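Undergrad: You'll find protein_6.txt just under this line, and it carries compact mmCIF, N, CA and C atoms.
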# COMPACT_ATOMS: atom_id res chain seq x y z
N MET L 23 4.73 6.22 10.46
CA MET L 23 3.56 5.57 9.89
C MET L 23 3.27 6.25 8.56
N PHE L 24 2.82 5.46 7.61
CA PHE L 24 2.54 5.98 6.28
C PHE L 24 1.20 5.47 5.76
N ILE L 25 0.50 6.33 5.07
CA ILE L 25 -0.67 5.94 4.31
C ILE L 25 -0.24 6.01 2.85
N VAL L 26 -0.35 4.89 2.16
CA VAL L 26 0.01 4.83 0.75
C VAL L 26 -1.27 4.77 -0.06
N SER L 27 -1.42 5.70 -0.97
CA SER L 27 -2.58 5.74 -1.84
C SER L 27 -2.16 5.32 -3.25
N LEU L 28 -2.65 4.16 -3.68
CA LEU L 28 -2.39 3.68 -5.04
C LEU L 28 -3.55 4.12 -5.93
N ARG L 29 -3.23 4.62 -7.11
CA ARG L 29 -4.24 5.08 -8.05
C ARG L 29 -4.01 4.40 -9.39
N TYR L 30 -5.05 3.72 -9.88
CA TYR L 30 -4.94 3.11 -11.20
C TYR L 30 -4.85 4.21 -12.26
N VAL L 31 -3.97 4.02 -13.23
CA VAL L 31 -3.80 5.00 -14.31
C VAL L 31 -4.27 4.42 -15.64
N VAL L 32 -4.87 3.22 -15.58
CA VAL L 32 -5.45 2.55 -16.74
C VAL L 32 -6.79 1.98 -16.32
N PRO L 33 -7.64 1.57 -17.25
CA PRO L 33 -8.91 0.93 -16.87
C PRO L 33 -8.66 -0.34 -16.04
N VAL L 34 -9.60 -0.65 -15.14
CA VAL L 34 -9.46 -1.79 -14.23
C VAL L 34 -9.18 -3.09 -14.98
N GLY L 35 -9.73 -3.25 -16.16
CA GLY L 35 -9.48 -4.45 -16.94
C GLY L 35 -8.00 -4.66 -17.25
N GLU L 36 -7.24 -3.59 -17.34
CA GLU L 36 -5.81 -3.69 -17.58
C GLU L 36 -5.02 -3.93 -16.30
N VAL L 37 -5.66 -3.72 -15.18
CA VAL L 37 -5.03 -3.95 -13.87
C VAL L 37 -5.13 -5.44 -13.51
N GLU L 38 -6.26 -6.06 -13.83
CA GLU L 38 -6.55 -7.45 -13.43
C GLU L 38 -5.43 -8.45 -13.75
N PRO L 39 -4.79 -8.41 -14.92
CA PRO L 39 -3.74 -9.40 -15.19
C PRO L 39 -2.56 -9.35 -14.21
N HIS L 40 -2.44 -8.27 -13.48
CA HIS L 40 -1.32 -8.10 -12.54
C HIS L 40 -1.73 -8.31 -11.08
N MET L 41 -2.99 -8.69 -10.87
CA MET L 41 -3.52 -8.81 -9.50
C MET L 41 -2.82 -9.91 -8.71
N ALA L 42 -2.58 -11.08 -9.30
CA ALA L 42 -1.93 -12.17 -8.55
C ALA L 42 -0.53 -11.75 -8.09
N GLY L 43 0.22 -11.10 -8.94
CA GLY L 43 1.54 -10.62 -8.57
C GLY L 43 1.47 -9.57 -7.48
N HIS L 44 0.50 -8.69 -7.58
CA HIS L 44 0.32 -7.65 -6.57
C HIS L 44 -0.02 -8.27 -5.22
N MET L 45 -0.90 -9.27 -5.23
CA MET L 45 -1.29 -9.92 -3.98
C MET L 45 -0.10 -10.65 -3.34
N ALA L 46 0.74 -11.29 -4.14
CA ALA L 46 1.94 -11.95 -3.62
C ALA L 46 2.91 -10.91 -3.04
N TRP L 47 3.03 -9.77 -3.72
CA TRP L 47 3.88 -8.68 -3.25
C TRP L 47 3.36 -8.16 -1.90
N LEU L 48 2.03 -7.97 -1.79
CA LEU L 48 1.46 -7.54 -0.51
C LEU L 48 1.79 -8.53 0.59
N GLU L 49 1.60 -9.81 0.32
CA GLU L 49 1.84 -10.85 1.33
C GLU L 49 3.28 -10.82 1.82
N LYS L 50 4.22 -10.63 0.89
CA LYS L 50 5.64 -10.56 1.25
C LYS L 50 5.88 -9.44 2.26
N HIS L 51 5.24 -8.30 2.04
CA HIS L 51 5.50 -7.14 2.90
C HIS L 51 4.65 -7.14 4.17
N TYR L 52 3.56 -7.91 4.20
CA TYR L 52 2.89 -8.18 5.47
C TYR L 52 3.80 -9.05 6.32
N ALA L 53 4.39 -10.07 5.70
CA ALA L 53 5.26 -11.01 6.42
C ALA L 53 6.49 -10.33 7.01
N ASP L 54 7.03 -9.33 6.30
CA ASP L 54 8.23 -8.66 6.84
C ASP L 54 7.89 -7.51 7.79
N GLY L 55 6.59 -7.27 8.02
CA GLY L 55 6.16 -6.27 8.99
C GLY L 55 6.01 -4.86 8.47
N THR L 56 6.24 -4.65 7.17
CA THR L 56 6.12 -3.31 6.60
C THR L 56 4.66 -2.88 6.48
N PHE L 57 3.79 -3.77 6.03
CA PHE L 57 2.38 -3.45 5.84
C PHE L 57 1.57 -3.95 7.02
N ILE L 58 0.62 -3.13 7.46
CA ILE L 58 -0.22 -3.55 8.57
C ILE L 58 -1.71 -3.53 8.23
N ALA L 59 -2.08 -2.93 7.11
CA ALA L 59 -3.47 -2.95 6.64
C ALA L 59 -3.49 -2.52 5.18
N SER L 60 -4.47 -3.02 4.45
CA SER L 60 -4.61 -2.61 3.04
C SER L 60 -6.02 -2.94 2.55
N GLY L 61 -6.38 -2.33 1.44
CA GLY L 61 -7.69 -2.61 0.84
C GLY L 61 -7.94 -1.76 -0.38
N ARG L 62 -9.02 -2.08 -1.07
CA ARG L 62 -9.43 -1.36 -2.28
C ARG L 62 -10.09 -0.04 -1.93
N LYS L 63 -9.95 0.93 -2.82
CA LYS L 63 -10.72 2.16 -2.71
C LYS L 63 -12.13 1.88 -3.23
N VAL L 64 -13.08 2.64 -2.74
CA VAL L 64 -14.47 2.55 -3.19
C VAL L 64 -14.89 3.93 -3.63
N PRO L 65 -15.18 4.12 -4.94
CA PRO L 65 -15.19 3.12 -6.00
C PRO L 65 -13.78 2.62 -6.30
N ARG L 66 -13.70 1.53 -7.07
CA ARG L 66 -12.44 0.84 -7.32
C ARG L 66 -11.55 1.62 -8.30
N THR L 67 -10.83 2.58 -7.74
CA THR L 67 -9.91 3.40 -8.53
C THR L 67 -8.46 3.18 -8.11
N GLY L 68 -8.26 2.24 -7.18
CA GLY L 68 -6.94 1.96 -6.65
C GLY L 68 -7.05 1.31 -5.30
N GLY L 69 -6.08 1.56 -4.44
CA GLY L 69 -6.08 0.96 -3.12
C GLY L 69 -5.35 1.81 -2.11
N VAL L 70 -5.37 1.35 -0.86
CA VAL L 70 -4.74 2.06 0.23
C VAL L 70 -3.96 1.04 1.07
N ILE L 71 -2.77 1.42 1.49
CA ILE L 71 -1.94 0.58 2.35
C ILE L 71 -1.50 1.40 3.55
N LEU L 72 -1.62 0.83 4.74
CA LEU L 72 -1.08 1.42 5.94
C LEU L 72 0.26 0.73 6.19
N ALA L 73 1.34 1.51 6.26
CA ALA L 73 2.68 0.94 6.33
C ALA L 73 3.49 1.62 7.43
N ARG L 74 4.59 0.94 7.81
CA ARG L 74 5.50 1.51 8.80
C ARG L 74 6.93 1.21 8.38
N GLY L 75 7.86 1.92 8.99
CA GLY L 75 9.27 1.71 8.68
C GLY L 75 9.91 2.99 8.19
N GLU L 76 11.01 2.85 7.50
CA GLU L 76 11.73 3.99 6.95
C GLU L 76 11.18 4.35 5.57
N ARG L 77 11.04 5.64 5.32
CA ARG L 77 10.45 6.10 4.06
C ARG L 77 11.23 5.60 2.85
N SER L 78 12.56 5.65 2.89
CA SER L 78 13.35 5.23 1.74
C SER L 78 13.13 3.75 1.42
N LYS L 79 13.02 2.93 2.46
CA LYS L 79 12.75 1.50 2.24
C LYS L 79 11.35 1.30 1.68
N LEU L 80 10.39 2.08 2.17
CA LEU L 80 9.02 1.99 1.66
C LEU L 80 8.98 2.38 0.18
N GLU L 81 9.66 3.46 -0.18
CA GLU L 81 9.69 3.89 -1.57
C GLU L 81 10.27 2.80 -2.47
N SER L 82 11.33 2.15 -2.02
CA SER L 82 11.94 1.06 -2.77
C SER L 82 10.97 -0.12 -2.90
N CYS L 83 10.31 -0.43 -1.81
CA CYS L 83 9.31 -1.50 -1.80
C CYS L 83 8.19 -1.21 -2.79
N LEU L 84 7.67 -0.01 -2.77
CA LEU L 84 6.56 0.37 -3.65
C LEU L 84 6.97 0.32 -5.12
N ALA L 85 8.21 0.64 -5.40
CA ALA L 85 8.70 0.60 -6.78
C ALA L 85 8.69 -0.81 -7.34
N ASP L 86 8.69 -1.83 -6.45
CA ASP L 86 8.67 -3.23 -6.87
C ASP L 86 7.27 -3.80 -7.01
N ASP L 87 6.24 -3.04 -6.67
CA ASP L 87 4.86 -3.51 -6.82
C ASP L 87 4.60 -3.80 -8.29
N PRO L 88 4.12 -4.99 -8.63
CA PRO L 88 3.83 -5.30 -10.04
C PRO L 88 2.91 -4.28 -10.71
N PHE L 89 2.02 -3.66 -9.96
CA PHE L 89 1.17 -2.62 -10.53
C PHE L 89 2.02 -1.45 -11.03
N VAL L 90 3.03 -1.09 -10.26
CA VAL L 90 3.91 0.02 -10.62
C VAL L 90 4.87 -0.40 -11.72
N VAL L 91 5.45 -1.58 -11.58
CA VAL L 91 6.40 -2.11 -12.58
C VAL L 91 5.77 -2.14 -13.97
N HIS L 92 4.49 -2.53 -14.04
CA HIS L 92 3.79 -2.65 -15.33
C HIS L 92 3.05 -1.38 -15.73
N GLY L 93 3.21 -0.32 -14.95
CA GLY L 93 2.66 0.98 -15.32
C GLY L 93 1.15 1.10 -15.24
N VAL L 94 0.51 0.28 -14.38
CA VAL L 94 -0.95 0.37 -14.27
C VAL L 94 -1.41 1.17 -13.05
N ALA L 95 -0.45 1.54 -12.18
CA ALA L 95 -0.80 2.33 -10.99
C ALA L 95 0.36 3.23 -10.60
N GLU L 96 0.00 4.30 -9.90
CA GLU L 96 0.96 5.22 -9.31
C GLU L 96 0.65 5.31 -7.82
N PHE L 97 1.60 5.73 -7.03
CA PHE L 97 1.36 5.84 -5.60
C PHE L 97 1.73 7.21 -5.06
N GLU L 98 1.07 7.54 -3.96
CA GLU L 98 1.39 8.73 -3.18
C GLU L 98 1.62 8.26 -1.75
N ILE L 99 2.65 8.77 -1.11
CA ILE L 99 2.95 8.42 0.27
C ILE L 99 2.62 9.62 1.16
N ILE L 100 1.80 9.36 2.17
CA ILE L 100 1.45 10.39 3.14
C ILE L 100 2.02 9.93 4.48
N GLU L 101 2.95 10.68 5.02
CA GLU L 101 3.53 10.34 6.32
C GLU L 101 2.66 10.95 7.41
N CYS L 102 2.44 10.20 8.48
CA CYS L 102 1.61 10.72 9.57
C CYS L 102 2.14 10.21 10.90
N ALA L 103 1.80 10.93 11.96
CA ALA L 103 2.16 10.55 13.32
C ALA L 103 0.86 10.26 14.06
N ILE L 104 0.53 8.99 14.19
CA ILE L 104 -0.70 8.59 14.85
C ILE L 104 -0.55 8.87 16.35
N SER L 105 -1.48 9.66 16.91
CA SER L 105 -1.38 10.01 18.32
C SER L 105 -2.56 9.49 19.14
N ARG L 106 -3.61 9.04 18.46
CA ARG L 106 -4.78 8.56 19.18
C ARG L 106 -5.41 7.42 18.40
N THR L 107 -5.85 6.39 19.12
CA THR L 107 -6.50 5.24 18.50
C THR L 107 -7.60 4.72 19.40
N VAL L 108 -8.43 3.86 18.86
CA VAL L 108 -9.39 3.14 19.68
C VAL L 108 -8.65 2.04 20.43
N GLU L 109 -9.26 1.53 21.47
CA GLU L 109 -8.66 0.45 22.24
C GLU L 109 -8.37 -0.73 21.32
N GLY L 110 -7.18 -1.28 21.47
CA GLY L 110 -6.78 -2.42 20.66
C GLY L 110 -5.83 -2.06 19.52
N LEU L 111 -5.76 -0.77 19.19
CA LEU L 111 -4.88 -0.33 18.10
C LEU L 111 -3.75 0.56 18.62
N GLU L 112 -3.42 0.44 19.87
CA GLU L 112 -2.38 1.27 20.48
C GLU L 112 -1.02 1.11 19.79
N ALA L 113 -0.77 -0.04 19.19
CA ALA L 113 0.51 -0.28 18.52
C ALA L 113 0.73 0.66 17.34
N LEU L 114 -0.31 1.30 16.85
CA LEU L 114 -0.16 2.24 15.74
C LEU L 114 0.40 3.59 16.17
N ARG L 115 0.33 3.86 17.44
CA ARG L 115 0.81 5.16 17.95
C ARG L 115 2.32 5.19 17.96
N GLU L 116 2.84 6.37 17.74
CA GLU L 116 4.30 6.55 17.81
C GLU L 116 4.76 6.70 19.23
Take the structure in this file and express it as structure tokens.

TA:
Amino acid sequence: MFIVSLRYVVPVGEVEPHMAGHMAWLEKHYADGTFIASGRKVPRTGGVILARGERSKLESCLADDPFVVHGVAEFEIIECAISRTVEGLEALRE
């Protein structure tokens, strides 16, 4: 399991033109099962993605994010082993 932290490296106004592409990219990776949750940071300085799979594939996937391709965001990958969840989220456990 991975927590991906995206951080904008430009003002939000420069991020907006790439939002539609980013949303399509997210949808693609929800459909293939890589992403299981995502959302904006508060305050809006980037976003967070909960992902699963192999790290090398995730790194390749993240490199294709339009935000990264256009240089408006950077990412950090935090690998974790989920051992406890609330009822209903048991599928997140390893």

Undergrad: For the point (-4.7, 0.5, -9.9) in file coordinates, what residues are within 6.5 Å, counting all atoms listed in the file? Give the answer as a ChimeraX atom specification?

TA: /L:28-32,37,67-69,94-96

Undergrad: L:Glu101, L:Glu109, L:Tyr52, L:Gly93: which is nearest Glu36 in chain L, counting only C-alpha atoms?

TA: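 Smallest distance to Glu36 in chain L is found for L:Gly93.
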
Undergrad: Please compute the CA of Ala59 in chain L-CA of Ala85 in chain L distance, one decimal, in Å.

TA: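 Between CA of Ala59 in chain L and CA of Ala85 in chain L the gap is 18.5 Å.
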
Undergrad: Got a sec to tell me which of chain L DSSP assigns to strand (DSSP E), as a list in words?

TA: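 Residues of chain L classed as strand (DSSP E): Phe24, Ile25, Val26, Ser27, Leu28, Arg29, Tyr30, Phe57, Ile58, Ala59, Ser60, Gly61, Arg62, Gly68, Gly69, Val70, Ile71, Leu72, Ala73, Ala95, Glu96, Phe97, Glu98, Ile99, Ile100 and Glu101 of chain L.
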
Undergrad: How about saving the chosen residues, N, CA and C atoms kept, as a PDB file, in the coordinates of the input?

TA:
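Final output, saved to result_19.pdb:
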ATOM      1  N   PHE L  24       2.820   5.460   7.610  1.00  0.00           N
ATOM      2  CA  PHE L  24       2.540   5.980   6.280  1.00  0.00           C
ATOM      3  C   PHE L  24       1.200   5.470   5.760  1.00  0.00           C
ATOM      4  N   ILE L  25       0.500   6.330   5.070  1.00  0.00           N
ATOM      5  CA  ILE L  25      -0.670   5.940   4.310  1.00  0.00           C
ATOM      6  C   ILE L  25      -0.240   6.010   2.850  1.00  0.00           C
ATOM      7  N   VAL L  26      -0.350   4.890   2.160  1.00  0.00           N
ATOM      8  CA  VAL L  26       0.010   4.830   0.750  1.00  0.00           C
ATOM      9  C   VAL L  26      -1.270   4.770  -0.060  1.00  0.00           C
ATOM     10  N   SER L  27      -1.420   5.700  -0.970  1.00  0.00           N
ATOM     11  CA  SER L  27      -2.580   5.740  -1.840  1.00  0.00           C
ATOM     12  C   SER L  27      -2.160   5.320  -3.250  1.00  0.00           C
ATOM     13  N   LEU L  28      -2.650   4.160  -3.680  1.00  0.00           N
ATOM     14  CA  LEU L  28      -2.390   3.680  -5.040  1.00  0.00           C
ATOM     15  C   LEU L  28      -3.550   4.120  -5.930  1.00  0.00           C
ATOM     16  N   ARG L  29      -3.230   4.620  -7.110  1.00  0.00           N
ATOM     17  CA  ARG L  29      -4.240   5.080  -8.050  1.00  0.00           C
ATOM     18  C   ARG L  29      -4.010   4.400  -9.390  1.00  0.00           C
ATOM     19  N   TYR L  30      -5.050   3.720  -9.880  1.00  0.00           N
ATOM     20  CA  TYR L  30      -4.940   3.110 -11.200  1.00  0.00           C
ATOM     21  C   TYR L  30      -4.850   4.210 -12.260  1.00  0.00           C
ATOM     22  N   PHE L  57       3.790  -3.770   6.030  1.00  0.00           N
ATOM     23  CA  PHE L  57       2.380  -3.450   5.840  1.00  0.00           C
ATOM     24  C   PHE L  57       1.570  -3.950   7.020  1.00  0.00           C
ATOM     25  N   ILE L  58       0.620  -3.130   7.460  1.00  0.00           N
ATOM     26  CA  ILE L  58      -0.220  -3.550   8.570  1.00  0.00           C
ATOM     27  C   ILE L  58      -1.710  -3.530   8.230  1.00  0.00           C
ATOM     28  N   ALA L  59      -2.080  -2.930   7.110  1.00  0.00           N
ATOM     29  CA  ALA L  59      -3.470  -2.950   6.640  1.00  0.00           C
ATOM     30  C   ALA L  59      -3.490  -2.520   5.180  1.00  0.00           C
ATOM     31  N   SER L  60      -4.470  -3.020   4.450  1.00  0.00           N
ATOM     32  CA  SER L  60      -4.610  -2.610   3.040  1.00  0.00           C
ATOM     33  C   SER L  60      -6.020  -2.940   2.550  1.00  0.00           C
ATOM     34  N   GLY L  61      -6.380  -2.330   1.440  1.00  0.00           N
ATOM     35  CA  GLY L  61      -7.690  -2.610   0.840  1.00  0.00           C
ATOM     36  C   GLY L  61      -7.940  -1.760  -0.380  1.00  0.00           C
ATOM     37  N   ARG L  62      -9.020  -2.080  -1.070  1.00  0.00           N
ATOM     38  CA  ARG L  62      -9.430  -1.360  -2.280  1.00  0.00           C
ATOM     39  C   ARG L  62     -10.090  -0.040  -1.930  1.00  0.00           C
ATOM     40  N   GLY L  68      -8.260   2.240  -7.180  1.00  0.00           N
ATOM     41  CA  GLY L  68      -6.940   1.960  -6.650  1.00  0.00           C
ATOM     42  C   GLY L  68      -7.050   1.310  -5.300  1.00  0.00           C
ATOM     43  N   GLY L  69      -6.080   1.560  -4.440  1.00  0.00           N
ATOM     44  CA  GLY L  69      -6.080   0.960  -3.120  1.00  0.00           C
ATOM     45  C   GLY L  69      -5.350   1.810  -2.110  1.00  0.00           C
ATOM     46  N   VAL L  70      -5.370   1.350  -0.860  1.00  0.00           N
ATOM     47  CA  VAL L  70      -4.740   2.060   0.230  1.00  0.00           C
ATOM     48  C   VAL L  70      -3.960   1.040   1.070  1.00  0.00           C
ATOM     49  N   ILE L  71      -2.770   1.420   1.490  1.00  0.00           N
ATOM     50  CA  ILE L  71      -1.940   0.580   2.350  1.00  0.00           C
ATOM     51  C   ILE L  71      -1.500   1.400   3.550  1.00  0.00           C
ATOM     52  N   LEU L  72      -1.620   0.830   4.740  1.00  0.00           N
ATOM     53  CA  LEU L  72      -1.080   1.420   5.940  1.00  0.00           C
ATOM     54  C   LEU L  72       0.260   0.730   6.190  1.00  0.00           C
ATOM     55  N   ALA L  73       1.340   1.510   6.260  1.00  0.00           N
ATOM     56  CA  ALA L  73       2.680   0.940   6.330  1.00  0.00           C
ATOM     57  C   ALA L  73       3.490   1.620   7.430  1.00  0.00           C
ATOM     58  N   ALA L  95      -0.450   1.540 -12.180  1.00  0.00           N
ATOM     59  CA  ALA L  95      -0.800   2.330 -10.990  1.00  0.00           C
ATOM     60  C   ALA L  95       0.360   3.230 -10.600  1.00  0.00           C
ATOM     61  N   GLU L  96       0.000   4.300  -9.900  1.00  0.00           N
ATOM     62  CA  GLU L  96       0.960   5.220  -9.310  1.00  0.00           C
ATOM     63  C   GLU L  96       0.650   5.310  -7.820  1.00  0.00           C
ATOM     64  N   PHE L  97       1.600   5.730  -7.030  1.00  0.00           N
ATOM     65  CA  PHE L  97       1.360   5.840  -5.600  1.00  0.00           C
ATOM     66  C   PHE L  97       1.730   7.210  -5.060  1.00  0.00           C
ATOM     67  N   GLU L  98       1.070   7.540  -3.960  1.00  0.00           N
ATOM     68  CA  GLU L  98       1.390   8.730  -3.180  1.00  0.00           C
ATOM     69  C   GLU L  98       1.620   8.260  -1.750  1.00  0.00           C
ATOM     70  N   ILE L  99       2.650   8.770  -1.110  1.00  0.00           N
ATOM     71  CA  ILE L  99       2.950   8.420   0.270  1.00  0.00           C
ATOM     72  C   ILE L  99       2.620   9.620   1.160  1.00  0.00           C
ATOM     73  N   ILE L 100       1.800   9.360   2.170  1.00  0.00           N
ATOM     74  CA  ILE L 100       1.450  10.390   3.140  1.00  0.00           C
ATOM     75  C   ILE L 100       2.020   9.930   4.480  1.00  0.00           C
ATOM     76  N   GLU L 101       2.950  10.680   5.020  1.00  0.00           N
ATOM     77  CA  GLU L 101       3.530  10.340   6.320  1.00  0.00           C
ATOM     78  C   GLU L 101       2.660  10.950   7.410  1.00  0.00           C
TER      79      GLU L 101
END

Undergrad: Do a neighbour search on Asp87 in chain L at 7 Å with all atoms listed in the file, toss out local chain neighbours closer than 4 positions, and write the hits as a ChimeraX atom specification.

TA: /L:43-44,47,82-83,91-92

Undergrad: Grab the residues selected above and save them as a short mmCIF file (atom, residue, chain, number, x, y, z; two decimals), in the coordinates of the input with N, CA and C atoms.

TA:
data_model
loop_
_atom_site.label_atom_id
_atom_site.label_comp_id
_atom_site.auth_asym_id
_atom_site.auth_seq_id
_atom_site.Cartn_x
_atom_site.Cartn_y
_atom_site.Cartn_z
N GLY L 43 0.22 -11.10 -8.94
CA GLY L 43 1.54 -10.62 -8.57
C GLY L 43 1.47 -9.57 -7.48
N HIS L 44 0.50 -8.69 -7.58
CA HIS L 44 0.32 -7.65 -6.57
C HIS L 44 -0.02 -8.27 -5.22
N TRP L 47 3.03 -9.77 -3.72
CA TRP L 47 3.88 -8.68 -3.25
C TRP L 47 3.36 -8.16 -1.90
N SER L 82 11.33 2.15 -2.02
CA SER L 82 11.94 1.06 -2.77
C SER L 82 10.97 -0.12 -2.90
N CYS L 83 10.31 -0.43 -1.81
CA CYS L 83 9.31 -1.50 -1.80
C CYS L 83 8.19 -1.21 -2.79
N VAL L 91 5.45 -1.58 -11.58
CA VAL L 91 6.40 -2.11 -12.58
C VAL L 91 5.77 -2.14 -13.97
N HIS L 92 4.49 -2.53 -14.04
CA HIS L 92 3.79 -2.65 -15.33
C HIS L 92 3.05 -1.38 -15.73
#

Undergrad: Could you give me, as a count of residues only, each residue of range 50-96 of chain L that DSSP assigns to helix (DSSP H, G or I) when run on this structure's backbone?

TA: 17

Undergrad: Give me, please, the distance in Å between CA of Leu114 in chain L and atom N of Phe97 in chain L, quoted to one decimal.

TA: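 Those two atoms sit 23.1 Å apart.
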
Undergrad: For a test of reading the model, state the distance in Å between atom C of Leu48 in chain L and CA of Ser60 in chain L, rounded to one decimal.

TA: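 Spanning atom C of Leu48 in chain L to CA of Ser60 in chain L is a straight-line distance of 9.1 Å.
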
Undergrad: Out of L:Gly35, L:Ser27, L:Arg74, L:Asp86, which residue has the shortest atom-to-atom distance to Ile100 in chain L when counting only N, CA and C atoms?

TA: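 Checking each of L:Gly35, L:Ser27, L:Arg74, L:Asp86 against Ile100 in chain L, counting only N, CA and C atoms, the winner is L:Ser27.
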
Undergrad: Go through L:Arg62, L:Glu81, L:Ala73, L:Gly55 and flag the residue nearest Phe24 in chain L, using only C-alpha atoms for the distances.

TA: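 Closest candidate: L:Ala73.
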
Undergrad: Could you check which of L:Met23, L:Gly110, L:Lys63, L:Ile99 is closest to Gly75 in chain L, using all atoms listed in the file?

TA: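 Closest residue, counting all atoms listed in the file: L:Met23.
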